[in-house]
>>> print(open('query18.tsv').read())   # TSV, C-alpha atoms
chain	number	residue	atom	x	y	z
A	1	MET	CA	-8.25	-44.95	0.00
A	2	ASP	CA	-11.00	-47.37	-1.04
A	3	GLU	CA	-13.82	-44.86	-0.68
A	4	LEU	CA	-12.18	-42.44	-3.09
A	5	GLU	CA	-11.73	-45.25	-5.62
A	6	LEU	CA	-15.43	-46.01	-5.33
A	7	LEU	CA	-16.18	-42.35	-5.93
A	8	LYS	CA	-13.85	-42.30	-8.94
A	9	LYS	CA	-15.57	-45.37	-10.41
A	10	ASP	CA	-18.97	-43.73	-10.02
A	11	TRP	CA	-17.71	-40.39	-11.34
A	12	GLN	CA	-16.28	-41.91	-14.49
A	13	SER	CA	-19.27	-44.13	-15.19
A	14	ASN	CA	-22.07	-42.65	-17.25
A	15	ARG	CA	-24.79	-43.68	-14.88
A	16	THR	CA	-25.59	-40.17	-13.68
A	17	GLU	CA	-28.21	-38.50	-15.83
A	18	TYR	CA	-27.32	-34.83	-16.16
A	19	PRO	CA	-29.83	-32.52	-17.82
A	20	GLU	CA	-29.11	-32.48	-21.54
A	21	LEU	CA	-29.12	-29.05	-23.11
A	22	SER	CA	-30.05	-28.59	-26.73
A	23	TYR	CA	-28.00	-26.75	-29.37
A	24	ASP	CA	-30.31	-23.71	-29.14
A	25	GLU	CA	-30.18	-23.60	-25.33
A	26	ILE	CA	-26.37	-23.63	-25.36
A	27	TYR	CA	-26.29	-20.99	-28.10
A	28	LYS	CA	-28.56	-18.69	-26.07
A	29	MET	CA	-26.54	-19.27	-22.90
A	30	SER	CA	-23.22	-18.42	-24.53
A	31	HIS	CA	-24.64	-15.01	-25.51
A	32	ALA	CA	-26.22	-14.27	-22.13
A	33	LYS	CA	-24.97	-11.52	-19.84
A	34	SER	CA	-22.05	-12.48	-17.65
A	35	SER	CA	-22.20	-11.88	-13.92
A	36	SER	CA	-18.50	-12.52	-13.37
A	37	ILE	CA	-16.55	-10.83	-10.61
A	38	VAL	CA	-14.31	-9.19	-13.23
A	39	LYS	CA	-17.29	-7.45	-14.79
A	40	TRP	CA	-18.32	-6.14	-11.36
A	41	ILE	CA	-14.82	-4.85	-10.63
A	42	PHE	CA	-14.77	-3.20	-14.06
A	43	TYR	CA	-18.10	-1.40	-13.53
A	44	ILE	CA	-17.28	-0.33	-9.97
A	45	SER	CA	-13.90	0.98	-11.15
A	46	LEU	CA	-15.54	2.97	-13.93
A	47	ILE	CA	-17.82	4.58	-11.33
A	48	GLU	CA	-14.81	5.34	-9.13
A	49	PHE	CA	-12.93	6.94	-12.03
A	50	ALA	CA	-16.03	8.95	-12.93
A	51	ILE	CA	-16.49	10.18	-9.35
A	52	GLY	CA	-12.82	11.24	-9.25
A	53	LEU	CA	-13.18	13.20	-12.47
A	54	ILE	CA	-16.47	14.83	-11.38
A	55	LEU	CA	-14.86	15.97	-8.12
A	56	ILE	CA	-12.04	17.63	-10.04
A	57	LEU	CA	-14.40	19.23	-12.58
A	58	LEU	CA	-16.53	20.59	-9.75
A	59	ASN	CA	-13.49	22.13	-8.17
A	60	PRO	CA	-13.54	25.45	-10.14
A	61	LYS	CA	-17.08	26.06	-8.85
A	62	ILE	CA	-15.90	25.67	-5.27
A	63	GLU	CA	-12.98	27.89	-6.10
A	64	GLY	CA	-15.44	30.63	-7.03
A	65	GLN	CA	-16.66	30.74	-3.43
A	66	ILE	CA	-13.42	30.03	-1.63
A	67	GLU	CA	-10.13	31.34	-2.87
A	68	PHE	CA	-7.68	28.45	-2.69
A	69	PRO	CA	-3.94	29.11	-2.42
A	70	ARG	CA	-2.08	28.90	-5.75
A	71	TRP	CA	-0.28	25.64	-4.87
A	72	VAL	CA	-3.61	23.88	-4.28
A	73	GLU	CA	-4.82	25.01	-7.71
A	74	ILE	CA	-1.65	23.71	-9.39
A	75	MET	CA	-2.06	20.44	-7.51
A	76	SER	CA	-5.63	20.03	-8.74
A	77	TYR	CA	-4.51	20.36	-12.39
A	78	ALA	CA	-1.60	17.99	-11.80
A	79	THR	CA	-4.08	15.25	-10.91
A	80	PHE	CA	-5.25	14.89	-14.55
A	81	PRO	CA	-2.12	13.16	-15.86
A	82	VAL	CA	-2.02	11.03	-12.70
A	83	ILE	CA	-5.58	9.84	-13.38
A	84	GLY	CA	-4.58	9.12	-16.98
A	85	VAL	CA	-1.74	6.89	-15.74
A	86	PHE	CA	-4.11	5.07	-13.38
A	87	ILE	CA	-6.63	4.42	-16.17
A	88	TYR	CA	-3.85	3.14	-18.45
A	89	PHE	CA	-2.61	0.65	-15.82
A	90	PHE	CA	-6.13	-0.39	-14.91
A	91	TYR	CA	-6.96	-1.13	-18.55
A	92	LYS	CA	-3.66	-2.98	-19.07
A	93	ASN	CA	-4.23	-5.19	-16.03
A	94	TYR	CA	-7.85	-5.74	-16.97
A	95	LYS	CA	-6.84	-6.94	-20.43
A	96	ASN	CA	-4.44	-9.45	-18.87
A	97	ILE	CA	-7.27	-11.37	-17.21
A	98	THR	CA	-7.94	-14.51	-19.21
A	99	ALA	CA	-10.10	-17.45	-18.22
A	100	THR	CA	-7.56	-19.86	-19.72
A	101	ASP	CA	-4.73	-19.03	-17.33
A	102	ASN	CA	-4.04	-21.34	-14.43
A	103	ILE	CA	-6.10	-20.65	-11.30
A	104	ARG	CA	-3.28	-19.01	-9.35
A	105	LYS	CA	-2.29	-16.67	-12.19
A	106	LEU	CA	-5.89	-15.74	-12.84
A	107	ILE	CA	-6.56	-14.81	-9.21
A	108	LYS	CA	-3.30	-12.84	-9.18
A	109	SER	CA	-4.32	-10.87	-12.30
A	110	ILE	CA	-7.72	-10.03	-10.82
A	111	LEU	CA	-6.19	-8.91	-7.52
A	112	LYS	CA	-3.63	-6.81	-9.42
A	113	THR	CA	-6.41	-5.02	-11.31
A	114	ARG	CA	-8.21	-4.38	-8.09
A	115	ARG	CA	-5.00	-3.09	-6.47
A	116	THR	CA	-4.66	-0.42	-9.18
A	117	VAL	CA	-8.14	0.80	-8.31
A	118	LYS	CA	-7.27	0.67	-4.62
A	119	TYR	CA	-4.28	2.99	-5.16
A	120	TYR	CA	-6.47	5.26	-7.23
A	121	VAL	CA	-9.03	5.46	-4.42
A	122	LEU	CA	-6.26	6.12	-1.88
A	123	PHE	CA	-4.93	8.89	-4.12
A	124	ASN	CA	-8.42	10.40	-4.28
A	125	LEU	CA	-8.83	10.16	-0.51
A	126	VAL	CA	-5.53	11.98	0.05
A	127	MET	CA	-6.57	14.68	-2.41
A	128	ALA	CA	-10.00	14.96	-0.75
A	129	GLY	CA	-8.23	15.28	2.60
A	130	VAL	CA	-5.95	18.08	1.37
A	131	PHE	CA	-8.83	20.00	-0.24
A	132	SER	CA	-10.99	19.53	2.83
A	133	CYS	CA	-8.28	20.83	5.20
A	134	VAL	CA	-7.38	23.82	3.03
A	135	GLY	CA	-11.03	24.54	2.14
A	136	LEU	CA	-12.16	24.51	5.77
A	137	TYR	CA	-9.27	26.71	6.87
A	138	VAL	CA	-9.69	29.26	4.06
A	139	GLY	CA	-13.50	29.21	4.42
A	140	TYR	CA	-13.36	29.88	8.15
A	141	VAL	CA	-10.73	32.60	7.89
A	142	THR	CA	-12.72	34.32	5.08
A	143	SER	CA	-15.88	34.27	7.23
A	144	GLU	CA	-13.90	35.93	10.03
A	145	GLY	CA	-13.00	38.86	7.76
A	146	GLY	CA	-9.84	37.65	6.06
A	147	ALA	CA	-6.41	36.36	7.06
A	148	GLU	CA	-5.07	39.59	8.51
A	149	GLN	CA	-8.06	40.28	10.73
A	150	PHE	CA	-8.21	36.64	11.84
A	151	SER	CA	-4.55	36.52	12.87
A	152	ALA	CA	-4.87	39.84	14.67
A	153	ASN	CA	-7.89	38.75	16.73
A	154	ALA	CA	-7.36	34.99	17.13
A	155	HIS	CA	-6.09	33.48	20.33
A	156	PHE	CA	-4.95	29.97	21.11
A	157	ALA	CA	-8.56	28.79	21.71
A	158	GLU	CA	-9.66	29.85	18.18
A	159	TYR	CA	-6.69	28.13	16.56
A	160	ALA	CA	-7.27	24.98	18.62
A	161	THR	CA	-11.01	24.88	17.80
A	162	LEU	CA	-10.33	25.40	14.10
A	163	GLY	CA	-7.66	22.68	14.15
A	164	VAL	CA	-9.96	20.18	15.87
A	165	VAL	CA	-12.87	20.95	13.49
A	166	ILE	CA	-10.61	20.53	10.44
A	167	VAL	CA	-9.22	17.22	11.65
A	168	LEU	CA	-12.63	15.82	12.64
A	169	VAL	CA	-14.45	16.85	9.44
A	170	THR	CA	-11.62	15.59	7.21
A	171	ALA	CA	-11.40	12.32	9.14
A	172	ALA	CA	-15.18	11.88	8.86
A	173	ILE	CA	-15.14	12.45	5.09
A	174	ILE	CA	-12.24	10.03	4.56
A	175	ALA	CA	-13.70	7.41	6.93
A	176	PHE	CA	-17.07	7.55	5.17
A	177	PHE	CA	-15.64	6.94	1.69
A	178	TYR	CA	-13.10	4.40	2.94
A	179	GLY	CA	-15.88	2.52	4.75
A	180	ILE	CA	-17.98	2.22	1.61
A	181	TYR	CA	-14.96	1.12	-0.40
A	182	TYR	CA	-13.85	-1.40	2.23
A	183	LEU	CA	-17.31	-2.97	2.47
A	184	LEU	CA	-17.80	-3.13	-1.29
A	185	TYR	CA	-14.53	-4.87	-2.11
A	186	GLY	CA	-14.53	-6.82	1.14
A	187	ILE	CA	-17.75	-8.55	0.13
A	188	LEU	CA	-16.85	-8.84	-3.53
A	189	LEU	CA	-13.40	-10.32	-3.09
A	190	LYS	CA	-13.82	-12.37	0.09
A	191	ARG	CA	-13.90	-15.70	-1.71
A	192	LEU	CA	-11.11	-14.76	-4.11
A	193	ASN	CA	-8.79	-13.71	-1.30
A	194	LYS	CA	-9.56	-16.91	0.59
A	195	ASN	CA	-8.70	-19.09	-2.41
A	196	TYR	CA	-5.53	-17.14	-3.15
A	197	LYS	CA	-4.36	-17.56	0.45
A	198	GLU	CA	-5.11	-21.27	0.20
A	199	LEU	CA	-2.89	-21.58	-2.90
A	200	LYS	CA	-0.14	-19.46	-1.38
A	201	LYS	CA	-0.17	-21.60	1.75
A	202	LEU	CA	0.78	-24.56	-0.45
A	203	GLU	CA	4.04	-22.89	-1.39
A	204	VAL	CA	5.37	-22.55	2.14
B	1	MET	CA	-16.41	-16.83	-40.18
B	2	ASP	CA	-17.98	-15.87	-36.86
B	3	LYS	CA	-21.01	-18.01	-37.62
B	4	GLU	CA	-18.73	-20.94	-38.34
B	5	LEU	CA	-16.87	-20.37	-35.11
B	6	GLU	CA	-20.11	-20.15	-33.16
B	7	HIS	CA	-21.43	-23.30	-34.77
B	8	SER	CA	-18.31	-25.34	-34.05
B	9	PHE	CA	-18.23	-24.02	-30.46
B	10	VAL	CA	-21.86	-24.85	-29.67
B	11	GLU	CA	-21.52	-28.26	-31.29
B	12	GLN	CA	-18.40	-29.14	-29.30
B	13	LEU	CA	-19.88	-27.85	-26.05
B	14	GLN	CA	-23.08	-29.78	-26.64
B	15	LYS	CA	-21.03	-32.93	-27.14
B	16	HIS	CA	-18.92	-32.38	-24.01
B	17	GLN	CA	-21.55	-30.69	-21.81
B	18	ASN	CA	-21.20	-33.35	-19.12
B	19	ILE	CA	-17.83	-31.85	-18.19
B	20	VAL	CA	-19.52	-28.56	-17.33
B	21	HIS	CA	-22.24	-30.41	-15.42
B	22	LYS	CA	-19.59	-32.23	-13.41
B	23	VAL	CA	-17.85	-28.98	-12.44
B	24	CYS	CA	-21.23	-27.47	-11.50
B	25	ARG	CA	-22.14	-30.53	-9.46
B	26	LEU	CA	-19.12	-30.06	-7.20
B	27	TYR	CA	-19.48	-26.31	-6.80
B	28	SER	CA	-23.26	-25.97	-6.40
B	29	ASN	CA	-25.63	-26.80	-3.60
B	30	ASN	CA	-28.88	-26.78	-5.50
B	31	GLN	CA	-30.33	-26.95	-8.99
B	32	ASP	CA	-30.72	-23.16	-9.38
B	33	ALA	CA	-27.09	-22.56	-8.49
B	34	HIS	CA	-26.08	-25.39	-10.83
B	35	ASN	CA	-27.92	-23.72	-13.71
B	36	ASP	CA	-26.44	-20.29	-12.91
B	37	LEU	CA	-22.90	-21.65	-12.84
B	38	PHE	CA	-23.49	-23.64	-16.03
B	39	GLN	CA	-24.52	-20.45	-17.79
B	40	GLU	CA	-21.50	-18.47	-16.53
B	41	ILE	CA	-19.09	-21.26	-17.58
B	42	THR	CA	-20.72	-21.34	-21.03
B	43	ILE	CA	-20.26	-17.55	-21.36
B	44	GLN	CA	-16.61	-17.75	-20.31
B	45	LEU	CA	-15.95	-20.70	-22.63
B	46	TRP	CA	-17.43	-18.81	-25.58
B	47	ARG	CA	-15.39	-15.69	-24.76
B	48	ALA	CA	-12.19	-17.70	-24.55
B	49	TYR	CA	-12.98	-19.88	-27.58
B	50	PRO	CA	-11.42	-17.64	-30.27
B	51	LYS	CA	-8.08	-18.14	-28.48
B	52	PHE	CA	-8.47	-21.92	-28.29
B	53	ARG	CA	-5.77	-23.19	-30.63
B	54	GLY	CA	-6.39	-26.87	-30.30
B	55	ASP	CA	-2.94	-27.61	-28.85
B	56	SER	CA	-4.73	-29.17	-25.90
B	57	LYS	CA	-7.83	-31.32	-26.08
B	58	PHE	CA	-11.13	-29.42	-26.06
B	59	SER	CA	-12.17	-31.33	-22.93
B	60	THR	CA	-8.93	-30.43	-21.08
B	61	TRP	CA	-9.38	-26.79	-22.04
B	62	MET	CA	-12.99	-26.96	-20.82
B	63	TYR	CA	-11.89	-28.19	-17.39
B	64	ARG	CA	-9.51	-25.27	-17.05
B	65	VAL	CA	-12.03	-22.61	-17.99
B	66	GLY	CA	-14.78	-24.37	-16.00
B	67	LEU	CA	-12.70	-24.53	-12.83
B	68	ASN	CA	-11.47	-20.96	-13.28
B	69	THR	CA	-15.03	-19.78	-13.56
B	70	ALA	CA	-16.25	-21.79	-10.57
B	71	ILE	CA	-13.34	-20.79	-8.33
B	72	THR	CA	-12.49	-17.24	-9.32
B	73	LEU	CA	-14.78	-15.55	-11.82
B	74	TYR	CA	-18.22	-16.65	-10.72
B	75	ARG	CA	-19.97	-14.47	-8.21
B	76	LYS	CA	-22.26	-16.70	-6.19
B	77	SER	CA	-25.82	-15.49	-6.22
B	78	LYS	CA	-27.90	-15.51	-3.06
B	79	ARG	CA	-29.73	-18.62	-4.08
B	80	SER	CA	-26.51	-20.60	-4.29
B	81	ILE	CA	-25.52	-19.91	-0.71
B	82	LYS	CA	-28.25	-21.95	0.98
B	83	THR	CA	-26.66	-25.23	2.01
B	84	SER	CA	-29.78	-26.91	3.35
B	85	ASP	CA	-30.93	-27.78	-0.20
B	86	PHE	CA	-28.01	-30.11	-0.80
B	87	ASP	CA	-29.80	-33.33	0.17
B	88	ALA	CA	-32.56	-32.65	-2.34
B	89	TYR	CA	-30.00	-31.83	-5.04
B	90	GLN	CA	-29.56	-35.22	-6.64
B	91	PHE	CA	-29.37	-36.45	-10.19
B	92	LYS	CA	-31.14	-39.43	-11.65
B	93	ILE	CA	-29.16	-42.64	-11.85
B	94	LYS	CA	-29.41	-44.66	-15.04
B	95	ALA	CA	-28.49	-48.07	-13.66
B	96	GLU	CA	-28.24	-49.53	-10.18
B	97	GLU	CA	-24.71	-50.92	-10.28
B	98	TYR	CA	-23.96	-50.89	-6.60
B	99	ASP	CA	-25.42	-52.53	-3.51
B	100	SER	CA	-27.26	-50.44	-0.94
B	101	THR	CA	-24.20	-50.09	1.33
B	102	GLU	CA	-22.14	-48.75	-1.56
B	103	GLU	CA	-24.96	-46.41	-2.61
B	104	GLU	CA	-25.11	-45.02	0.92
B	105	GLN	CA	-21.31	-44.71	0.97
B	106	LEU	CA	-21.39	-42.81	-2.32
B	107	LYS	CA	-23.99	-40.39	-1.00
B	108	LEU	CA	-21.83	-39.70	2.07
B	109	LEU	CA	-18.76	-39.28	-0.14
B	110	TYR	CA	-20.44	-36.65	-2.31
B	111	GLN	CA	-21.58	-34.85	0.83
B	112	ALA	CA	-18.03	-34.98	2.23
B	113	VAL	CA	-16.55	-33.56	-0.99
B	114	HIS	CA	-19.03	-30.70	-0.76
B	115	GLN	CA	-17.56	-29.77	2.61
B	116	LEU	CA	-14.10	-29.19	1.12
B	117	ASN	CA	-12.93	-25.72	0.14
B	118	ASP	CA	-12.82	-24.53	-3.48
B	119	ILE	CA	-9.17	-25.48	-4.13
B	120	GLU	CA	-9.55	-28.90	-2.52
B	121	LYS	CA	-12.62	-29.55	-4.67
B	122	ALA	CA	-10.59	-28.70	-7.77
B	123	LEU	CA	-7.95	-31.25	-6.73
B	124	VAL	CA	-10.60	-33.90	-6.14
B	125	LEU	CA	-12.28	-33.19	-9.48
B	126	LEU	CA	-9.02	-33.52	-11.40
B	127	TYR	CA	-8.15	-36.66	-9.43
B	128	LEU	CA	-11.57	-38.20	-10.19
B	129	GLU	CA	-10.99	-37.42	-13.86
B	130	ASP	CA	-7.71	-39.36	-13.64
B	131	LYS	CA	-5.56	-36.36	-14.51
B	132	ASP	CA	-1.88	-36.81	-13.65
B	133	TYR	CA	-0.08	-34.57	-11.17
B	134	ARG	CA	1.59	-32.62	-13.97
B	135	GLU	CA	-1.80	-31.56	-15.33
B	136	ILE	CA	-3.20	-30.93	-11.84
B	137	SER	CA	-0.22	-28.70	-10.98
B	138	GLU	CA	-0.52	-26.82	-14.29
B	139	THR	CA	-4.24	-26.20	-13.83
B	140	LEU	CA	-3.84	-24.89	-10.29
B	141	GLY	CA	-0.56	-23.06	-10.86
B	142	ILE	CA	1.36	-24.90	-8.15
B	143	THR	CA	4.32	-27.30	-8.27
B	144	GLU	CA	3.84	-31.02	-8.82
B	145	VAL	CA	5.28	-31.79	-5.38
B	146	ASN	CA	2.83	-29.41	-3.72
B	147	ALA	CA	-0.05	-30.92	-5.71
B	148	ARG	CA	0.86	-34.37	-4.37
B	149	VAL	CA	1.22	-33.11	-0.80
B	150	LYS	CA	-2.10	-31.29	-1.00
B	151	MET	CA	-3.88	-34.30	-2.51
B	152	ASN	CA	-2.69	-36.50	0.37
B	153	ARG	CA	-3.99	-33.93	2.83
B	154	VAL	CA	-7.33	-33.83	1.05
B	155	LYS	CA	-7.60	-37.62	1.24
B	156	LYS	CA	-6.91	-37.46	4.98
B	157	LYS	CA	-9.45	-34.68	5.39
B	158	LEU	CA	-12.11	-36.68	3.56
B	159	LYS	CA	-11.37	-39.69	5.74
B	160	ALA	CA	-11.77	-37.51	8.83
B	161	ILE	CA	-15.11	-36.15	7.59
B	162	LEU	CA	-16.38	-39.66	6.81
B	163	ASN	CA	-15.14	-41.18	10.10
B	164	PRO	CA	-15.52	-38.46	12.71
>>> encode(input="query18.tsv", output="structure tokens")
Amino acid sequence: MDELELLKKDWQSNRTEYPELSYDEIYKMSHAKSSSIVKWIFYISLIEFAIGLILILLNPKIEGQIEFPRWVEIMSYATFPVIGVFIYFFYKNYKNITATDNIRKLIKSILKTRRTVKYYVLFNLVMAGVFSCVGLYVGYVTSEGGAEQFSANAHFAEYATLGVVIVLVTAAIIAFFYGIYYLLYGILLKRLNKNYKELKKLEV
Amino acid sequence: MDKELEHSFVEQLQKHQNIVHKVCRLYSNNQDAHNDLFQEITIQLWRAYPKFRGDSKFSTWMYRVGLNTAITLYRKSKRSIKTSDFDAYQFKIKAEEYDSTEEEQLKLLYQAVHQLNDIEKALVLLYLEDKDYREISETLGITEVNARVKMNRVKKKLKAILNP
């Protein structure tokens, strides 16, 4: 292609005058704050981990008002080691991101890091769902005078209403958090996903 | 030791800064975006520099980090998204080596390259730098055969953009 050869000739010639940066300007630039996508993912992930931990630490306070069944309590303590495992994998994946890898490997490492956080968020959503269902049920039954009185007086309509309220409230909570998460990463990783697909397409 | 490392890094980058400018030229639409990307590439180069062992040329290593930053790490700021500025985004030319038809053709070619996607731009950049298919495939992380196939497609695509 002749045109591309013309472009190559122009590209390799030194006739284009690019701005010339001084030693001091380059020095300052190399120490400036990065705005890389990896840094954003790292900060957002830290916030997500923090929110997860705060929710669990707040749990005993909620427990003071609503008496959760024993198995829910055990489950809430069991989440600590799980979070530890998530943080370990997140940090390991994060450390594997290096700007000197080839483009495909680099995108893969970034997406892998993000996937760890995605599973962590899913885990939190499931936990939030369980606590919301149990909390709503126990809260309602307590307000009706306890489990025995509720089961003695309740008819099908009460059970159905309670069931519908639990499902709707839980779905709303999960949808709200999932929506924020989806938007955040959707915007942040749109270009990265597009480029990764483009490279994968080449392998078919 | 760190001071020495810093000094040798800044000196080498200053010497080869045109490489970074060339990457920025392909991936930016205006001067502000060019400057932003230049800064981010410089940051990434400095971060990766302690691991640079010199088994590849500094310039080759710069291309890799520069392209990685432009394609994957850099988060485009709002000011880099405007495409209407592209016509005004030109660099000074030192010498008039071409006739007016060729100059016009070059302008159209640069515009056409700007319409390619990020991966296609990387292929074009490496091709313009006369890198062989082995190096192109290693930089992108694809096979040599696929690099060739993709390059032929890019050539066809450019032709289609130039001759609609």
>>> residues_around(input="query18.tsv", residues="Gly163 in chain A", least_positions_apart="3", cutoff="12 Å", atoms="all atoms listed in the file", output="list in words")
Cys133, Val134, Leu136, Tyr137, Tyr140, Phe156, Ala157, Glu158, Tyr159, Ala160, Ile166, Val167, Leu168, Val169 and Thr170 of chain A
>>> write_last_selection(input="query18.tsv", atoms="C-alpha atoms", output="mmCIF file, in the coordinates of the input")
data_model
loop_
_atom_site.group_PDB
_atom_site.id
_atom_site.type_symbol
_atom_site.label_atom_id
_atom_site.label_comp_id
_atom_site.auth_asym_id
_atom_site.auth_seq_id
_atom_site.Cartn_x
_atom_site.Cartn_y
_atom_site.Cartn_z
ATOM 1 C CA CYS A 133 -8.280 20.830 5.200
ATOM 2 C CA VAL A 134 -7.380 23.820 3.030
ATOM 3 C CA LEU A 136 -12.160 24.510 5.770
ATOM 4 C CA TYR A 137 -9.270 26.710 6.870
ATOM 5 C CA TYR A 140 -13.360 29.880 8.150
ATOM 6 C CA PHE A 156 -4.950 29.970 21.110
ATOM 7 C CA ALA A 157 -8.560 28.790 21.710
ATOM 8 C CA GLU A 158 -9.660 29.850 18.180
ATOM 9 C CA TYR A 159 -6.690 28.130 16.560
ATOM 10 C CA ALA A 160 -7.270 24.980 18.620
ATOM 11 C CA ILE A 166 -10.610 20.530 10.440
ATOM 12 C CA VAL A 167 -9.220 17.220 11.650
ATOM 13 C CA LEU A 168 -12.630 15.820 12.640
ATOM 14 C CA VAL A 169 -14.450 16.850 9.440
ATOM 15 C CA THR A 170 -11.620 15.590 7.210
#
>>> closest_atom_pairs(input="query18.tsv", of="range 46-137 of chain A", to="range 106-127 of chain B", cutoff="12 Å", atoms="only C-alpha atoms", output="Markdown table")
| residue | atom | partner | partner_atom | distance |
| --- | --- | --- | --- | --- |
| A:Asn102 | CA | B:Ala122 | CA | 11.9 |
| A:Ile103 | CA | B:Ile119 | CA | 9.2 |
| A:Arg104 | CA | B:Ile119 | CA | 10.2 |
>>> interface_residues(input="query18.tsv", of="chain A", to="chain B", cutoff="6 Å", atoms="all atoms listed in the file", output="PyMOL selection string")
chain A and resi 8+15-17+29-30+36-37+99-100+102-104+192
>>> write_last_selection(input="query18.tsv", atoms="C-alpha atoms", output="mmCIF file, in the coordinates of the input")
data_model
loop_
_atom_site.group_PDB
_atom_site.id
_atom_site.type_symbol
_atom_site.label_atom_id
_atom_site.label_comp_id
_atom_site.auth_asym_id
_atom_site.auth_seq_id
_atom_site.Cartn_x
_atom_site.Cartn_y
_atom_site.Cartn_z
ATOM 1 C CA LYS A 8 -13.850 -42.300 -8.940
ATOM 2 C CA ARG A 15 -24.790 -43.680 -14.880
ATOM 3 C CA THR A 16 -25.590 -40.170 -13.680
ATOM 4 C CA GLU A 17 -28.210 -38.500 -15.830
ATOM 5 C CA MET A 29 -26.540 -19.270 -22.900
ATOM 6 C CA SER A 30 -23.220 -18.420 -24.530
ATOM 7 C CA SER A 36 -18.500 -12.520 -13.370
ATOM 8 C CA ILE A 37 -16.550 -10.830 -10.610
ATOM 9 C CA ALA A 99 -10.100 -17.450 -18.220
ATOM 10 C CA THR A 100 -7.560 -19.860 -19.720
ATOM 11 C CA ASN A 102 -4.040 -21.340 -14.430
ATOM 12 C CA ILE A 103 -6.100 -20.650 -11.300
ATOM 13 C CA ARG A 104 -3.280 -19.010 -9.350
ATOM 14 C CA LEU A 192 -11.110 -14.760 -4.110
#
>>> atom_distance(input="query18.tsv", atom1="CA of Phe42 in chain A", atom2="CA of Ile180 in chain A")
16.9 Å
>>> atom_distance(input="query18.tsv", atom1="CA of Gly135 in chain A", atom2="CA of Tyr77 in chain A")
16.5 Å
